[in-house]
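The next block holds one structure in the form of structure tokens; read it before the comments.
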Amino acid sequence: MATRSLMIQARWNQVGMQNQGFMYAIMPGLREIYDDDEALMKSAACHEEPFNTHPYLAPVIIGATLNMEENGVPKNRIATMKRSAMGILGSLGDPFFWAAAAPLASALAALFAVMFNPWAGLLVFFALYGYYELPVRSGGLFLGYRMGEKAVALVARRLSARRAGPIRALAAFAAGILLPVASARYSASTGTGIAVIVVTGLLALAGAEVVRRQWITAPALLVFSIAGAVGAFLWME
Amino acid sequence: MNLWLEFAIVSLAGGFFLLDRRALGQAGFSHPLVLCTIGGAVAGNIVTGVWIGVVLQLLGARSAPGRHDWPAGGAAAACGMILLSRSEETQILSSYTAGILLAAAIMSLAVKHLDLKFLQRGAGGLNIAQAASSGELDRTFAFSVLIHWFQGTLYTAAGGLLAQATAHSIRFLGLNSLQAGQWINVLLPCAAGTAALVGALGSKRHILWAAAGMVAGFLLI
């Protein structure tokens, strides 16, 4: 089940979202609980409704659901638990994992890769990303199965306590360090002047404000900036 | 080894890594920094590989793996680097960086829309409960992983070919050995990556933190 829960998004679709993945992950557990096909089918039918949560936190809900199925909890109560848990964990997981942990791991890994060694960057990335992601992914299923619906409240409490603000600030700080360090590292041979680095830094800060205001997407920002710079240099020549 | 055979192997490997972006795991193996570092090492110029990976990683750091498209750009860049190094029988040059990054960005934009069409087809009218109890769901998932692999292979191959075209175009314009080349290949992409990451964090306070980081970086160098 733990392995199957890694594939929760493999059949993500716009109708049921992760419901096929949820069913795929929980099915071995349901087969253990229900011996006859009719009961199994009846139980499976209750899990057909749309399901969508943060993929790293889905194992907690899968485990909790299995616990409730095993203890004979009424189906409507299980459905209510699933609906509320997926909302709570989805809304807590997205800002923490995608908007704080991933940027911090990326910025620090990039800094290490540029400053020290490419492989050190990868090591930092996996160590930091794994530090946030692995405990909940590896232990979530067992925690949910052992504690039932109480596990959802416990995980939610722990995630709320982990404040994403300082993590994001650190990610921004690390990304800021990267620009002058990378300039010194990669432009050493041509001797790029301090003035050029300062201008580029100011452009980066202006670009950050443009992205923050959602006037432009990240890929478009890169395409426009490179195309604009190439055009400007050709025009000057 | 034959160039086309190597291209096929690299595309299949890229497709395999791209399974991590949605179908299997989402543990970070499909992130551009990982793919481009490996791609750069295989291409014989790990510094350029890391550089491209760093920029793409910063550009996509804030996006959710289930929805974003930067891994496809990373795979495209890695494939492009390997192709360029093999077709010219030399190490890839840092002057290719902006061209490869452009290809990766274009692929990221394209894949976002292609993925949406793929997801719309994914609903399928499957009777889930019946399929689960009969074992059909297991086969469906195995097949689905294969489809994702095939999809990732196509993205990698298409991106690799596109990177060839854009990298040669940028180099053809004569921006490789000038001060301008350093700015276009190194500083500007890094600035765009920093801007994307800091801006996507969503608050003016983060821009101040980035400015403080820049000052610290200056003191460091």
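Residues in the structure tokens are named by chain (A, B, ... in the order shown) and by number from 1 within that chain; ligands are numbered from 1 in the order shown.
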
How close does each residue of chain B get to chain A, giving the shortest atom pair and distance in Å to one decimal for every residue with an atom at most 6 Å away, counting only C-alpha atoms, sorted by chain and residue number, as JSON lines?
{"residue": "B:Arg22", "atom": "CA", "partner": "A:Gln9", "partner_atom": "CA", "distance": 5.8}
{"residue": "B:Ala23", "atom": "CA", "partner": "A:Ala10", "partner_atom": "CA", "distance": 3.9}
{"residue": "B:Leu24", "atom": "CA", "partner": "A:Met7", "partner_atom": "CA", "distance": 4.9}
{"residue": "B:Gly25", "atom": "CA", "partner": "A:Leu6", "partner_atom": "CA", "distance": 4.7}
{"residue": "B:Val54", "atom": "CA", "partner": "A:Ala110", "partner_atom": "CA", "distance": 5.3}
{"residue": "B:Leu59", "atom": "CA", "partner": "A:Ala218", "partner_atom": "CA", "distance": 5.9}
{"residue": "B:Ala61", "atom": "CA", "partner": "A:Pro103", "partner_atom": "CA", "distance": 4.9}
{"residue": "B:Arg62", "atom": "CA", "partner": "A:Ala99", "partner_atom": "CA", "distance": 5.4}
{"residue": "B:Ala64", "atom": "CA", "partner": "A:Trp98", "partner_atom": "CA", "distance": 5.4}
{"residue": "B:Leu102", "atom": "CA", "partner": "A:Val223", "partner_atom": "CA", "distance": 5.9}
{"residue": "B:Ala105", "atom": "CA", "partner": "A:Pro219", "partner_atom": "CA", "distance": 5.0}
{"residue": "B:Leu119", "atom": "CA", "partner": "A:Asn13", "partner_atom": "CA", "distance": 5.2}
{"residue": "B:Gly122", "atom": "CA", "partner": "A:Asn13", "partner_atom": "CA", "distance": 5.2}
{"residue": "B:Ala123", "atom": "CA", "partner": "A:Asn13", "partner_atom": "CA", "distance": 5.0}
{"residue": "B:Ala129", "atom": "CA", "partner": "A:Ala44", "partner_atom": "CA", "distance": 4.9}
{"residue": "B:Ala191", "atom": "CA", "partner": "A:Ala204", "partner_atom": "CA", "distance": 4.7}
{"residue": "B:Ala192", "atom": "CA", "partner": "A:Leu222", "partner_atom": "CA", "distance": 5.8}
{"residue": "B:Thr194", "atom": "CA", "partner": "A:Ala175", "partner_atom": "CA", "distance": 5.8}
{"residue": "B:Ala195", "atom": "CA", "partner": "A:Ala208", "partner_atom": "CA", "distance": 3.9}
{"residue": "B:Ala196", "atom": "CA", "partner": "A:Ala218", "partner_atom": "CA", "distance": 5.5}
{"residue": "B:Val198", "atom": "CA", "partner": "A:Ala172", "partner_atom": "CA", "distance": 5.4}
{"residue": "B:Gly199", "atom": "CA", "partner": "A:Ala208", "partner_atom": "CA", "distance": 3.9}
{"residue": "B:Ala200", "atom": "CA", "partner": "A:Arg212", "partner_atom": "CA", "distance": 5.6}
{"residue": "B:Gly202", "atom": "CA", "partner": "A:Arg212", "partner_atom": "CA", "distance": 5.4}
{"residue": "B:His206", "atom": "CA", "partner": "A:Ala172", "partner_atom": "CA", "distance": 5.7}
{"residue": "B:Trp209", "atom": "CA", "partner": "A:Phe173", "partner_atom": "CA", "distance": 5.0}
{"residue": "B:Ala210", "atom": "CA", "partner": "A:Gly176", "partner_atom": "CA", "distance": 4.2}
{"residue": "B:Gly213", "atom": "CA", "partner": "A:Gly176", "partner_atom": "CA", "distance": 4.2}
{"residue": "B:Met214", "atom": "CA", "partner": "A:Gly176", "partner_atom": "CA", "distance": 4.5}
{"residue": "B:Gly217", "atom": "CA", "partner": "A:Ile177", "partner_atom": "CA", "distance": 4.3}
{"residue": "B:Phe218", "atom": "CA", "partner": "A:Pro180", "partner_atom": "CA", "distance": 5.8}

Keeping N, CA and C atoms, export the residues of the selection given above as an mmCIF file, in the first residue's frame.
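The new file result-v9.cif reads:
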data_model
loop_
_atom_site.group_PDB
_atom_site.id
_atom_site.type_symbol
_atom_site.label_atom_id
_atom_site.label_comp_id
_atom_site.auth_asym_id
_atom_site.auth_seq_id
_atom_site.Cartn_x
_atom_site.Cartn_y
_atom_site.Cartn_z
ATOM 1 N N ARG B 22 4.732 13.196 -12.017
ATOM 2 C CA ARG B 22 3.350 12.984 -11.612
ATOM 3 C C ARG B 22 3.018 11.522 -11.329
ATOM 4 N N ALA B 23 3.465 10.627 -12.210
ATOM 5 C CA ALA B 23 2.970 9.255 -12.151
ATOM 6 C C ALA B 23 3.553 8.443 -11.016
ATOM 7 N N LEU B 24 4.757 8.723 -10.622
ATOM 8 C CA LEU B 24 5.452 7.818 -9.698
ATOM 9 C C LEU B 24 6.355 8.601 -8.751
ATOM 10 N N GLY B 25 5.988 8.652 -7.499
ATOM 11 C CA GLY B 25 6.918 9.157 -6.491
ATOM 12 C C GLY B 25 6.869 10.635 -6.182
ATOM 13 N N VAL B 54 20.455 25.058 -12.573
ATOM 14 C CA VAL B 54 20.202 26.045 -11.510
ATOM 15 C C VAL B 54 19.136 27.049 -11.961
ATOM 16 N N LEU B 59 13.518 28.885 -11.685
ATOM 17 C CA LEU B 59 12.303 29.299 -12.403
ATOM 18 C C LEU B 59 11.094 28.463 -11.986
ATOM 19 N N ALA B 61 10.858 26.544 -9.076
ATOM 20 C CA ALA B 61 10.898 26.081 -7.686
ATOM 21 C C ALA B 61 9.562 26.213 -6.972
ATOM 22 N N ARG B 62 8.796 27.210 -7.332
ATOM 23 C CA ARG B 62 7.563 27.499 -6.593
ATOM 24 C C ARG B 62 6.364 26.687 -7.122
ATOM 25 N N ALA B 64 4.002 23.464 -8.224
ATOM 26 C CA ALA B 64 3.723 22.134 -7.686
ATOM 27 C C ALA B 64 4.078 21.076 -8.730
ATOM 28 N N LEU B 102 16.266 28.723 -23.653
ATOM 29 C CA LEU B 102 15.086 29.143 -24.426
ATOM 30 C C LEU B 102 14.249 27.935 -24.818
ATOM 31 N N ALA B 105 12.377 26.654 -21.826
ATOM 32 C CA ALA B 105 11.237 27.507 -21.468
ATOM 33 C C ALA B 105 10.078 27.298 -22.447
ATOM 34 N N LEU B 119 -4.787 15.235 -19.432
ATOM 35 C CA LEU B 119 -5.581 15.036 -18.220
ATOM 36 C C LEU B 119 -7.073 14.995 -18.535
ATOM 37 N N GLY B 122 -7.949 11.712 -19.467
ATOM 38 C CA GLY B 122 -7.649 10.701 -18.459
ATOM 39 C C GLY B 122 -8.839 10.209 -17.661
ATOM 40 N N ALA B 123 -9.982 10.910 -17.699
ATOM 41 C CA ALA B 123 -11.120 10.527 -16.867
ATOM 42 C C ALA B 123 -11.671 9.171 -17.255
ATOM 43 N N ALA B 129 -15.066 1.075 -8.835
ATOM 44 C CA ALA B 129 -15.272 0.016 -7.850
ATOM 45 C C ALA B 129 -15.185 -1.358 -8.512
ATOM 46 N N ALA B 191 19.335 36.113 -13.296
ATOM 47 C CA ALA B 191 18.449 37.171 -12.792
ATOM 48 C C ALA B 191 16.982 36.777 -12.989
ATOM 49 N N ALA B 192 16.674 36.187 -14.151
ATOM 50 C CA ALA B 192 15.290 35.754 -14.408
ATOM 51 C C ALA B 192 14.877 34.666 -13.423
ATOM 52 N N THR B 194 16.136 34.112 -10.376
ATOM 53 C CA THR B 194 15.980 34.726 -9.046
ATOM 54 C C THR B 194 14.658 35.484 -8.968
ATOM 55 N N ALA B 195 14.364 36.252 -10.021
ATOM 56 C CA ALA B 195 13.121 37.033 -10.044
ATOM 57 C C ALA B 195 11.910 36.111 -9.943
ATOM 58 N N ALA B 196 11.949 35.001 -10.687
ATOM 59 C CA ALA B 196 10.801 34.075 -10.690
ATOM 60 C C ALA B 196 10.590 33.468 -9.314
ATOM 61 N N VAL B 198 11.759 34.548 -6.261
ATOM 62 C CA VAL B 198 11.442 35.533 -5.205
ATOM 63 C C VAL B 198 10.044 36.117 -5.430
ATOM 64 N N GLY B 199 9.736 36.435 -6.698
ATOM 65 C CA GLY B 199 8.422 37.008 -7.002
ATOM 66 C C GLY B 199 7.294 36.042 -6.689
ATOM 67 N N ALA B 200 7.517 34.755 -6.956
ATOM 68 C CA ALA B 200 6.465 33.763 -6.725
ATOM 69 C C ALA B 200 6.235 33.499 -5.250
ATOM 70 N N GLY B 202 5.597 35.690 -3.217
ATOM 71 C CA GLY B 202 4.332 36.397 -3.068
ATOM 72 C C GLY B 202 4.271 37.614 -2.179
ATOM 73 N N HIS B 206 9.708 39.477 0.812
ATOM 74 C CA HIS B 206 10.669 38.521 0.241
ATOM 75 C C HIS B 206 11.629 39.204 -0.732
ATOM 76 N N TRP B 209 14.235 40.598 1.359
ATOM 77 C CA TRP B 209 15.146 39.520 1.784
ATOM 78 C C TRP B 209 16.130 39.183 0.663
ATOM 79 N N ALA B 210 15.622 39.154 -0.573
ATOM 80 C CA ALA B 210 16.501 38.849 -1.713
ATOM 81 C C ALA B 210 17.539 39.952 -1.885
ATOM 82 N N GLY B 213 20.118 39.450 0.567
ATOM 83 C CA GLY B 213 20.953 38.325 0.121
ATOM 84 C C GLY B 213 21.975 38.782 -0.902
ATOM 85 N N MET B 214 21.545 39.670 -1.804
ATOM 86 C CA MET B 214 22.475 40.172 -2.831
ATOM 87 C C MET B 214 23.634 40.948 -2.193
ATOM 88 N N GLY B 217 25.889 38.534 -0.708
ATOM 89 C CA GLY B 217 26.654 37.883 -1.781
ATOM 90 C C GLY B 217 27.814 38.732 -2.235
ATOM 91 N N PHE B 218 27.570 40.050 -2.348
ATOM 92 C CA PHE B 218 28.645 40.971 -2.738
ATOM 93 C C PHE B 218 29.774 40.935 -1.710
#

Output as number ranges by chain all residues of region 29-197 of chain B that backbone DSSP marks as alpha helix (DSSP H). B: 32-43, 46-60, 70-87, 97-121, 128-134, 136-172, 179-182, 188-197

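CA of Pro50 (chain A) lies 16.1 Å from CA of Ala131 (chain B).
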
Using only C-alpha atoms for the distances, tell me which of B:Leu5, B:Leu187, B:Leu19, B:Ala72 is nearest to Trp51 (chain B).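 Among B:Leu5, B:Leu187, B:Leu19, B:Ala72, it is B:Leu187 that comes nearest to Trp51 (chain B).
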
Write out as number ranges by chain the residues lying within 12 Å of Gly40 (chain B), counting only C-alpha atoms and excluding same-chain residues fewer than 5 positions away. A: 118-119; B: 32-35, 45-54, 74-75, 77-85, 91-94, 97, 100

Figure out the distance between CA of Gly73 (chain B) and CA of Met107 (chain B), please, to one decimal in Å.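 Computed distance, CA of Met107 (chain B) to CA of Gly73 (chain B), equals 5.5 Å.
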
Please provide as JSON, numbers by chain all residues within 9 Å of region 157-162 of chain A, with the sequence filter that same-chain residues fewer than 4 positions apart are discarded (counting only C-alpha atoms). {"A": [89, 92, 93, 96, 152, 153]}

How would the residues just picked look written out with C-alpha atoms as a PDB file, in the first residue's frame?
ATOM      1  CA  LEU A  89      -4.393  18.546   4.542  1.00  0.00           C
ATOM      2  CA  LEU A  92      -1.923  22.960   4.726  1.00  0.00           C
ATOM      3  CA  GLY A  93       0.321  20.837   2.490  1.00  0.00           C
ATOM      4  CA  PHE A  96       4.173  24.292   3.114  1.00  0.00           C
ATOM      5  CA  VAL A 152      -5.381  13.745  10.456  1.00  0.00           C
ATOM      6  CA  ALA A 153      -5.758  16.203  13.327  1.00  0.00           C
TER       7      ALA A 153
END

Using only C-alpha atoms: which of A:Gly144, A:Pro166, A:Gly231, A:Arg83 has the shortest distance to Arg205 (chain B): A:Pro166

Find the distance between CA of Phe22 (chain A) and CA of Ala13 (chain B) and write it in Å to one decimal. 28.0 Å
